[in-house]
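Let me begin by presenting the structure, written as structure tokens, before commenting on it.
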Amino acid sequence: MGVQEKARTIIQPRLLKGFRDSLPASEIPKKAIIATLEALFSSYGFVPIDTPALEYTEVLLGKGGGETDKQIFHFQDNGGREVAMRFDLTVPFARFLALHLNELPLPFKRFHINKVWRGENPQKGRYREFIQCDFDIVGADNAEADYEILSVMDASFAAMGVEGVNFHLAHRGLFSQMLAHLGIGEHNTEILRTVDKLRKIGRDEVKIELTALLASQEKALDILSYIDKEDGDESFLATLERLERLSGGESEHSRRMRSIHGYLASATIADRFILDPSITRGLDYYTGLVYETFLEALPHYGSVCSGGRYNDLAGLYTKQHLPGVGSSIGLDRLMSALEELESPIVRAGSSADVAIIDIRDRFTQCDRAARLLRQAGLAVSVYLGEKKIGAQYKWVEEQTIRYALLSDDEGTFTVKDLVDKRTWTQLSGEDAVTTIKKERI
RNA sequence: GUGGAAGUAGUUCAAAGGUAGAGCACCAGAUUGUGGUUCUGGCUGUUGCGGGUUCGAGUCCCGUCUUCCACCCCA
């Protein structure tokens, strides 16, 4: 009866829809990836910032509009203020810029890695709480800044060891110019939205939708000829020339794209960047270059890194005109995709290099060895339970710790490699250090 | 937010209205002489949750929550 009584008072340990716990097996690689990205951004001179998770609703909603209104988590705080949780890192950054402009060097390069929240219906790789890694350059409107963001994107995926990545580039200004050239500029946003679905629903379906939208199959075909490559292998520059033709000749937009491609080519990374006019990026603040990033093996996962150029980011919050270009990596979606690909990056997750076991009677000796190993730069985890030796080995392997160190009666140590099943006996503390450091390479 | 599918032990999956089960995992003991073998024994569930139909519901019906899929949108 007493037991039943207790059972009834237990609170169900449940999670909110779209929110997840992260166990060591996923948190360790996640932290490793974040550390890699932070080091990479820093190597380009980008500096870290942070902003609050919670802001005034009016600040985050801006002018208000469409989808963000529905997706944003908002409520009244205990003081009756209308507050909202940030749904991306770009809008808070704009507010941040307006507030701190005279404290910042321009051009300003920052990165920001943190959680954001969207009240969207979850699916695989889509959650209500997820981490974004943003990096932006504000205060520079030129091809060099555009190029540098693309360069950081490419270097980021290389640093994470992710292969088979393609960056799809387009230019919003160029697209609008084409529509104006065709005399159908007024349907701009609807056309963008339809074109954006090309990869998902296919050319034929897009043609049907555009025809319905414009009440003209001829114009639909004109637009399709803009976003359709004549052949799959059409080069960046050949595509660019075709876009120039369809949008009425050379322009500042096409010249910008040509310059960016020139820099990418000089850096010998141009082959991973594809000019893909079907990339449009919804209807946000983007005005120039836009891009999305796809994994060759999992195109249906959608973009894992997107962004573009916005020419008046902080316009909602200040009269100062601030051009910028930036990008955002969706870390949780990327990790979800990499897990599906069984990528080694998300598998590597040890809590330590060495575990020390069987220490019940020789704790001091073992702790001395642990301190020695730590001083030598190894991560060491000491077993603190009371189980038998077999269970201790299991504990070590559960955490994918590769080496176990045991203390012998003679005051020496035994090191075991639990992966290759090798054993070294009668080692001094120093020998144990050198053995492990040598073997683990 | 709209529409569809699914939810059984820690896990993978059985049980086609009639006593909720199996493998793996887990726990204890023996053996292994600084583990992984073998043997013996054991635990595990309010069948996601809440109602309803029925003599009887894991199974049928309704609601709800979560996951997955599509739309929408996006990372």
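Chains: A, B, ... in order of the structure tokens. Residues: from 1 per chain. Ligands: from 1, in order shown.
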
* When you get a sec, could you note down which chain A residues fall within 8 Å of chain B, using only C-alpha atoms (C1' of nucleotides), as a ChimeraX atom specification? => /A:17,67,123-124,126,132,303-306,328-333,389-394,406

Based on DSSP run over this structure's backbone, return all residues of segment 111-280 of chain A in strand (DSSP E), as a PDB file with C-alpha atoms, in the first residue's frame.
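Dumped everything to result_22.pdb:
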```pdb
ATOM      1  CA  PHE A 111      30.233  34.486 -34.434  1.00  0.00           C
ATOM      2  CA  HIS A 112      27.503  33.297 -32.118  1.00  0.00           C
ATOM      3  CA  ILE A 113      26.800  29.677 -31.204  1.00  0.00           C
ATOM      4  CA  ASN A 114      23.740  29.047 -29.087  1.00  0.00           C
ATOM      5  CA  LYS A 115      20.258  27.640 -28.840  1.00  0.00           C
ATOM      6  CA  VAL A 116      17.210  29.046 -30.601  1.00  0.00           C
ATOM      7  CA  TRP A 117      13.546  28.051 -30.303  1.00  0.00           C
ATOM      8  CA  GLU A 129      15.050  23.753 -29.657  1.00  0.00           C
ATOM      9  CA  PHE A 130      18.215  23.632 -31.679  1.00  0.00           C
ATOM     10  CA  ILE A 131      21.671  25.160 -31.901  1.00  0.00           C
ATOM     11  CA  GLN A 132      22.645  27.594 -34.574  1.00  0.00           C
ATOM     12  CA  CYS A 133      26.216  28.629 -35.383  1.00  0.00           C
ATOM     13  CA  ASP A 134      26.079  32.071 -36.940  1.00  0.00           C
ATOM     14  CA  PHE A 135      28.958  34.039 -38.382  1.00  0.00           C
ATOM     15  CA  ASP A 136      28.535  37.426 -40.027  1.00  0.00           C
ATOM     16  CA  ILE A 137      30.458  40.397 -41.330  1.00  0.00           C
ATOM     17  CA  VAL A 138      28.707  43.752 -40.992  1.00  0.00           C
ATOM     18  CA  VAL A 165      29.268  19.086 -49.211  1.00  0.00           C
ATOM     19  CA  ASN A 166      27.963  21.375 -51.937  1.00  0.00           C
ATOM     20  CA  PHE A 167      27.300  25.076 -51.602  1.00  0.00           C
ATOM     21  CA  HIS A 168      24.526  26.376 -53.847  1.00  0.00           C
ATOM     22  CA  LEU A 169      24.736  30.100 -54.572  1.00  0.00           C
ATOM     23  CA  ALA A 170      22.283  32.527 -56.092  1.00  0.00           C
ATOM     24  CA  HIS A 171      21.673  36.261 -56.117  1.00  0.00           C
ATOM     25  CA  PHE A 273      30.347  26.207 -55.136  1.00  0.00           C
ATOM     26  CA  ILE A 274      27.520  25.831 -57.635  1.00  0.00           C
ATOM     27  CA  LEU A 275      25.584  28.703 -59.141  1.00  0.00           C
TER      28      LEU A 275
END
```

* To do: Compile the contact shell of U12 of chain B as a PyMOL selection string: residues with an atom at most 12 Å away, counting only C-alpha atoms (C1' of nucleotides), same-chain residues fewer than 6 positions apart removed.
  => chain B and resi 22-25

* Asked: Can you list, as number ranges by chain, every residue of segment 145-350 of chain A that DSSP puts in alpha helix (DSSP H)?
  -> A: 145-160, 172-182, 188-195, 198-201, 203-214, 217-227, 236-246, 252-266, 331-340, 344-347

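For the choices A:Gly161, A:Ile11, A:Gly282, A:Ser266, the atom-to-atom distance to Ile33 of chain A is smallest for A:Gly161 when using only C-alpha atoms.
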
Using only C-alpha atoms (C1' of nucleotides), which residues sit within 12 Å of G21 of chain B once same-chain residues fewer than 2 positions away are excluded, as an mmCIF file with all heavy atoms, in the first residue's frame?
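The file below, around_22.cif, is the result:
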```cif
data_model
loop_
_atom_site.group_PDB
_atom_site.id
_atom_site.type_symbol
_atom_site.label_atom_id
_atom_site.label_comp_id
_atom_site.auth_asym_id
_atom_site.auth_seq_id
_atom_site.Cartn_x
_atom_site.Cartn_y
_atom_site.Cartn_z
ATOM 1 P P U B 8 6.199 0.736 -27.834
ATOM 2 O OP1 U B 8 7.064 1.324 -26.811
ATOM 3 O OP2 U B 8 6.771 0.121 -29.036
ATOM 4 O "O5'" U B 8 5.223 -0.301 -27.140
ATOM 5 C "C5'" U B 8 4.639 -0.001 -25.886
ATOM 6 C "C4'" U B 8 4.335 -1.257 -25.144
ATOM 7 O "O4'" U B 8 3.556 -2.150 -25.991
ATOM 8 C "C3'" U B 8 5.532 -2.105 -24.748
ATOM 9 O "O3'" U B 8 6.166 -1.615 -23.578
ATOM 10 C "C2'" U B 8 4.896 -3.473 -24.545
ATOM 11 O "O2'" U B 8 4.170 -3.497 -23.339
ATOM 12 C "C1'" U B 8 3.906 -3.497 -25.714
ATOM 13 N N1 U B 8 4.486 -4.087 -26.939
ATOM 14 C C2 U B 8 4.647 -5.465 -26.978
ATOM 15 O O2 U B 8 4.345 -6.183 -26.054
ATOM 16 N N3 U B 8 5.189 -5.951 -28.147
ATOM 17 C C4 U B 8 5.567 -5.244 -29.241
ATOM 18 O O4 U B 8 6.028 -5.823 -30.219
ATOM 19 C C5 U B 8 5.371 -3.819 -29.142
ATOM 20 C C6 U B 8 4.856 -3.309 -28.018
ATOM 21 P P A B 9 7.740 -1.466 -23.574
ATOM 22 O OP1 A B 9 8.007 -0.120 -23.050
ATOM 23 O OP2 A B 9 8.284 -1.915 -24.874
ATOM 24 O "O5'" A B 9 8.197 -2.517 -22.463
ATOM 25 C "C5'" A B 9 8.009 -2.196 -21.098
ATOM 26 C "C4'" A B 9 9.081 -2.819 -20.246
ATOM 27 O "O4'" A B 9 8.887 -4.261 -20.272
ATOM 28 C "C3'" A B 9 10.499 -2.554 -20.719
ATOM 29 O "O3'" A B 9 11.319 -2.206 -19.617
ATOM 30 C "C2'" A B 9 10.975 -3.888 -21.284
ATOM 31 O "O2'" A B 9 12.360 -4.134 -21.051
ATOM 32 C "C1'" A B 9 10.150 -4.870 -20.467
ATOM 33 N N9 A B 9 9.957 -6.176 -21.104
ATOM 34 C C8 A B 9 10.187 -6.560 -22.396
ATOM 35 N N7 A B 9 9.948 -7.831 -22.631
ATOM 36 C C5 A B 9 9.509 -8.311 -21.407
ATOM 37 C C6 A B 9 9.093 -9.586 -20.990
ATOM 38 N N6 A B 9 9.037 -10.634 -21.785
ATOM 39 N N1 A B 9 8.730 -9.712 -19.707
ATOM 40 C C2 A B 9 8.781 -8.656 -18.891
ATOM 41 N N3 A B 9 9.161 -7.411 -19.170
ATOM 42 C C4 A B 9 9.512 -7.300 -20.452
ATOM 43 P P C B 13 12.108 -3.130 -33.998
ATOM 44 O OP1 C B 13 12.132 -3.224 -35.472
ATOM 45 O OP2 C B 13 11.652 -1.881 -33.358
ATOM 46 O "O5'" C B 13 11.276 -4.320 -33.366
ATOM 47 C "C5'" C B 13 10.504 -5.145 -34.187
ATOM 48 C "C4'" C B 13 10.331 -6.509 -33.581
ATOM 49 O "O4'" C B 13 10.880 -6.606 -32.242
ATOM 50 C "C3'" C B 13 8.872 -6.939 -33.362
ATOM 51 O "O3'" C B 13 8.247 -7.305 -34.586
ATOM 52 C "C2'" C B 13 9.048 -8.131 -32.431
ATOM 53 O "O2'" C B 13 9.461 -9.280 -33.120
ATOM 54 C "C1'" C B 13 10.200 -7.635 -31.529
ATOM 55 N N1 C B 13 9.701 -7.105 -30.239
ATOM 56 C C2 C B 13 9.305 -8.020 -29.253
ATOM 57 O O2 C B 13 9.400 -9.228 -29.498
ATOM 58 N N3 C B 13 8.827 -7.570 -28.076
ATOM 59 C C4 C B 13 8.734 -6.268 -27.853
ATOM 60 N N4 C B 13 8.264 -5.860 -26.685
ATOM 61 C C5 C B 13 9.127 -5.303 -28.842
ATOM 62 C C6 C B 13 9.596 -5.766 -30.016
ATOM 63 P P A B 14 6.675 -7.419 -34.674
ATOM 64 O OP1 A B 14 6.277 -7.454 -36.082
ATOM 65 O OP2 A B 14 6.078 -6.424 -33.760
ATOM 66 O "O5'" A B 14 6.485 -8.879 -34.084
ATOM 67 C "C5'" A B 14 5.506 -9.125 -33.105
ATOM 68 C "C4'" A B 14 5.587 -10.557 -32.674
ATOM 69 O "O4'" A B 14 6.448 -10.639 -31.508
ATOM 70 C "C3'" A B 14 4.250 -11.152 -32.242
ATOM 71 O "O3'" A B 14 3.545 -11.688 -33.328
ATOM 72 C "C2'" A B 14 4.678 -12.202 -31.218
ATOM 73 O "O2'" A B 14 5.132 -13.378 -31.851
ATOM 74 C "C1'" A B 14 5.865 -11.494 -30.540
ATOM 75 N N9 A B 14 5.430 -10.654 -29.412
ATOM 76 C C8 A B 14 5.534 -9.298 -29.302
ATOM 77 N N7 A B 14 5.065 -8.809 -28.180
ATOM 78 C C5 A B 14 4.613 -9.931 -27.499
ATOM 79 C C6 A B 14 3.994 -10.104 -26.246
ATOM 80 N N6 A B 14 3.738 -9.091 -25.417
ATOM 81 N N1 A B 14 3.665 -11.353 -25.863
ATOM 82 C C2 A B 14 3.929 -12.364 -26.698
ATOM 83 N N3 A B 14 4.502 -12.339 -27.912
ATOM 84 C C4 A B 14 4.825 -11.074 -28.248
ATOM 85 P P A B 15 2.057 -11.211 -33.644
ATOM 86 O OP1 A B 15 1.568 -11.941 -34.826
ATOM 87 O OP2 A B 15 2.031 -9.746 -33.622
ATOM 88 O "O5'" A B 15 1.282 -11.738 -32.364
ATOM 89 C "C5'" A B 15 1.216 -13.138 -32.090
ATOM 90 C "C4'" A B 15 0.712 -13.353 -30.685
ATOM 91 O "O4'" A B 15 1.619 -12.693 -29.765
ATOM 92 C "C3'" A B 15 -0.658 -12.747 -30.381
ATOM 93 O "O3'" A B 15 -1.710 -13.614 -30.754
ATOM 94 C "C2'" A B 15 -0.586 -12.550 -28.870
ATOM 95 O "O2'" A B 15 -0.843 -13.741 -28.187
ATOM 96 C "C1'" A B 15 0.891 -12.165 -28.673
ATOM 97 N N9 A B 15 1.077 -10.708 -28.646
ATOM 98 C C8 A B 15 1.507 -9.882 -29.653
ATOM 99 N N7 A B 15 1.579 -8.616 -29.316
ATOM 100 C C5 A B 15 1.168 -8.610 -27.992
ATOM 101 C C6 A B 15 1.013 -7.579 -27.058
ATOM 102 N N6 A B 15 1.275 -6.302 -27.321
ATOM 103 N N1 A B 15 0.581 -7.908 -25.821
ATOM 104 C C2 A B 15 0.315 -9.192 -25.549
ATOM 105 N N3 A B 15 0.419 -10.251 -26.351
ATOM 106 C C4 A B 15 0.857 -9.887 -27.566
ATOM 107 P P U B 19 -5.448 -15.553 -22.431
ATOM 108 O OP1 U B 19 -4.851 -14.830 -23.541
ATOM 109 O OP2 U B 19 -4.965 -16.904 -22.125
ATOM 110 O "O5'" U B 19 -5.384 -14.629 -21.136
ATOM 111 C "C5'" U B 19 -6.169 -14.916 -19.978
ATOM 112 C "C4'" U B 19 -5.276 -14.794 -18.761
ATOM 113 O "O4'" U B 19 -4.995 -16.124 -18.261
ATOM 114 C "C3'" U B 19 -3.912 -14.143 -19.051
ATOM 115 O "O3'" U B 19 -3.560 -13.317 -17.959
ATOM 116 C "C2'" U B 19 -2.962 -15.329 -19.166
ATOM 117 O "O2'" U B 19 -1.653 -15.019 -18.754
ATOM 118 C "C1'" U B 19 -3.608 -16.334 -18.216
ATOM 119 N N1 U B 19 -3.379 -17.721 -18.635
ATOM 120 C C2 U B 19 -2.387 -18.427 -17.985
ATOM 121 O O2 U B 19 -1.712 -17.947 -17.095
ATOM 122 N N3 U B 19 -2.217 -19.709 -18.448
ATOM 123 C C4 U B 19 -2.900 -20.346 -19.433
ATOM 124 O O4 U B 19 -2.634 -21.498 -19.725
ATOM 125 C C5 U B 19 -3.916 -19.544 -20.069
ATOM 126 C C6 U B 19 -4.111 -18.297 -19.644
ATOM 127 P P G B 23 14.689 -16.324 -23.911
ATOM 128 O OP1 G B 23 15.414 -17.589 -23.642
ATOM 129 O OP2 G B 23 14.344 -15.427 -22.793
ATOM 130 O "O5'" G B 23 15.504 -15.486 -24.992
ATOM 131 C "C5'" G B 23 16.070 -16.139 -26.128
ATOM 132 C "C4'" G B 23 16.714 -15.125 -27.035
ATOM 133 O "O4'" G B 23 15.715 -14.173 -27.484
ATOM 134 C "C3'" G B 23 17.775 -14.250 -26.380
ATOM 135 O "O3'" G B 23 19.040 -14.880 -26.334
ATOM 136 C "C2'" G B 23 17.784 -13.036 -27.304
ATOM 137 O "O2'" G B 23 18.506 -13.273 -28.487
ATOM 138 C "C1'" G B 23 16.294 -12.893 -27.634
ATOM 139 N N9 G B 23 15.626 -11.963 -26.725
ATOM 140 C C8 G B 23 14.843 -12.281 -25.627
ATOM 141 N N7 G B 23 14.384 -11.220 -25.005
ATOM 142 C C5 G B 23 14.886 -10.159 -25.726
ATOM 143 C C6 G B 23 14.722 -8.766 -25.523
ATOM 144 O O6 G B 23 14.079 -8.176 -24.646
ATOM 145 N N1 G B 23 15.414 -8.023 -26.488
ATOM 146 C C2 G B 23 16.155 -8.560 -27.508
ATOM 147 N N2 G B 23 16.737 -7.682 -28.323
ATOM 148 N N3 G B 23 16.312 -9.854 -27.712
ATOM 149 C C4 G B 23 15.647 -10.590 -26.790
ATOM 150 P P G B 45 7.284 -4.381 -13.759
ATOM 151 O OP1 G B 45 7.216 -4.430 -12.310
ATOM 152 O OP2 G B 45 6.617 -5.447 -14.538
ATOM 153 O "O5'" G B 45 6.711 -2.945 -14.214
ATOM 154 C "C5'" G B 45 7.400 -2.209 -15.171
ATOM 155 C "C4'" G B 45 6.690 -2.327 -16.523
ATOM 156 O "O4'" G B 45 6.817 -3.663 -17.033
ATOM 157 C "C3'" G B 45 5.202 -2.023 -16.450
ATOM 158 O "O3'" G B 45 4.935 -0.897 -17.259
ATOM 159 C "C2'" G B 45 4.522 -3.270 -17.029
ATOM 160 O "O2'" G B 45 3.523 -2.955 -17.940
ATOM 161 C "C1'" G B 45 5.647 -3.970 -17.752
ATOM 162 N N9 G B 45 5.511 -5.423 -17.867
ATOM 163 C C8 G B 45 5.219 -6.331 -16.912
ATOM 164 N N7 G B 45 5.200 -7.558 -17.358
ATOM 165 C C5 G B 45 5.496 -7.449 -18.704
ATOM 166 C C6 G B 45 5.622 -8.437 -19.712
ATOM 167 O O6 G B 45 5.500 -9.648 -19.627
ATOM 168 N N1 G B 45 5.948 -7.884 -20.939
ATOM 169 C C2 G B 45 6.116 -6.547 -21.164
ATOM 170 N N2 G B 45 6.422 -6.197 -22.409
ATOM 171 N N3 G B 45 6.007 -5.599 -20.240
ATOM 172 C C4 G B 45 5.694 -6.129 -19.044
#
```

* Long-range neighbours of Thr268 of chain A as a list in words, 12 Å cut-off, only C-alpha atoms (C1' of nucleotides), 5 positions minimum in chain ->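 Here the answer would be Ser151, Asp154, His261, Gly262, Tyr263 and Phe273 of chain A.
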
* To do: Skip Val83 of chain A itself and residues of its chain fewer than 2 positions away, then list as a ChimeraX atom specification all residues within 7 Å of it, counting only C-alpha atoms (C1' of nucleotides).
  => /A:54-57,74-77,81

Would you put the residues from that selection into a file with N, CA, C and O atoms, as a PDB file, in the first residue's frame?
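Okay, this is what ended up in selection-v2.pdb:
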```
ATOM      1  N   LEU A  54      15.873  35.514 -23.974  1.00  0.00           N
ATOM      2  CA  LEU A  54      14.564  36.166 -23.900  1.00  0.00           C
ATOM      3  C   LEU A  54      14.696  37.647 -24.248  1.00  0.00           C
ATOM      4  O   LEU A  54      15.605  38.319 -23.762  1.00  0.00           O
ATOM      5  N   GLU A  55      13.794  38.130 -25.081  1.00  0.00           N
ATOM      6  CA  GLU A  55      13.784  39.548 -25.432  1.00  0.00           C
ATOM      7  C   GLU A  55      12.337  40.033 -25.436  1.00  0.00           C
ATOM      8  O   GLU A  55      11.403  39.227 -25.400  1.00  0.00           O
ATOM      9  N   TYR A  56      12.165  41.338 -25.521  1.00  0.00           N
ATOM     10  CA  TYR A  56      10.823  41.860 -25.716  1.00  0.00           C
ATOM     11  C   TYR A  56      10.262  41.317 -27.031  1.00  0.00           C
ATOM     12  O   TYR A  56      10.972  41.275 -28.040  1.00  0.00           O
ATOM     13  N   THR A  57       9.013  40.911 -26.990  1.00  0.00           N
ATOM     14  CA  THR A  57       8.404  40.331 -28.195  1.00  0.00           C
ATOM     15  C   THR A  57       8.489  41.287 -29.375  1.00  0.00           C
ATOM     16  O   THR A  57       8.783  40.874 -30.494  1.00  0.00           O
ATOM     17  N   HIS A  74       6.224  32.865 -27.261  1.00  0.00           N
ATOM     18  CA  HIS A  74       6.097  34.132 -26.556  1.00  0.00           C
ATOM     19  C   HIS A  74       5.067  34.027 -25.451  1.00  0.00           C
ATOM     20  O   HIS A  74       4.151  33.202 -25.512  1.00  0.00           O
ATOM     21  N   PHE A  75       5.233  34.829 -24.442  1.00  0.00           N
ATOM     22  CA  PHE A  75       4.351  34.775 -23.269  1.00  0.00           C
ATOM     23  C   PHE A  75       4.579  36.026 -22.438  1.00  0.00           C
ATOM     24  O   PHE A  75       5.446  36.841 -22.759  1.00  0.00           O
ATOM     25  N   GLN A  76       3.806  36.154 -21.376  1.00  0.00           N
ATOM     26  CA  GLN A  76       4.021  37.261 -20.445  1.00  0.00           C
ATOM     27  C   GLN A  76       4.929  36.784 -19.329  1.00  0.00           C
ATOM     28  O   GLN A  76       4.738  35.691 -18.792  1.00  0.00           O
ATOM     29  N   ASP A  77       5.931  37.590 -18.973  1.00  0.00           N
ATOM     30  CA  ASP A  77       6.770  37.194 -17.842  1.00  0.00           C
ATOM     31  C   ASP A  77       6.052  37.545 -16.539  1.00  0.00           C
ATOM     32  O   ASP A  77       4.926  38.049 -16.548  1.00  0.00           O
ATOM     33  N   ARG A  81       5.339  41.630 -18.682  1.00  0.00           N
ATOM     34  CA  ARG A  81       5.937  42.080 -19.946  1.00  0.00           C
ATOM     35  C   ARG A  81       5.709  41.048 -21.040  1.00  0.00           C
ATOM     36  O   ARG A  81       5.715  39.854 -20.771  1.00  0.00           O
TER      37      ARG A  81
END
```

* segment 337-347 of chain A surroundings by only C-alpha atoms (C1' of nucleotides), 8 Å radius, close-in-sequence under 6 positions cut, as a PyMOL selection string -> chain A and resi 25-26+29-30+125+160-161+297-298+301

* Asked: With only C-alpha atoms as the basis for distance, which of A:Phe236, A:Tyr317, A:Tyr147, A:Trp395 is at the shortest distance from Ala94 of chain A?
  ->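 The shortest atom-to-atom distance to Ala94 of chain A comes from A:Tyr317.
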
* What is the distance between atom CA of Arg258 of chain A and atom CA of Leu289 of chain A, in Å to one decimal? ->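 If I compute the distance from atom CA of Arg258 of chain A to atom CA of Leu289 of chain A, I get 11.6 Å.
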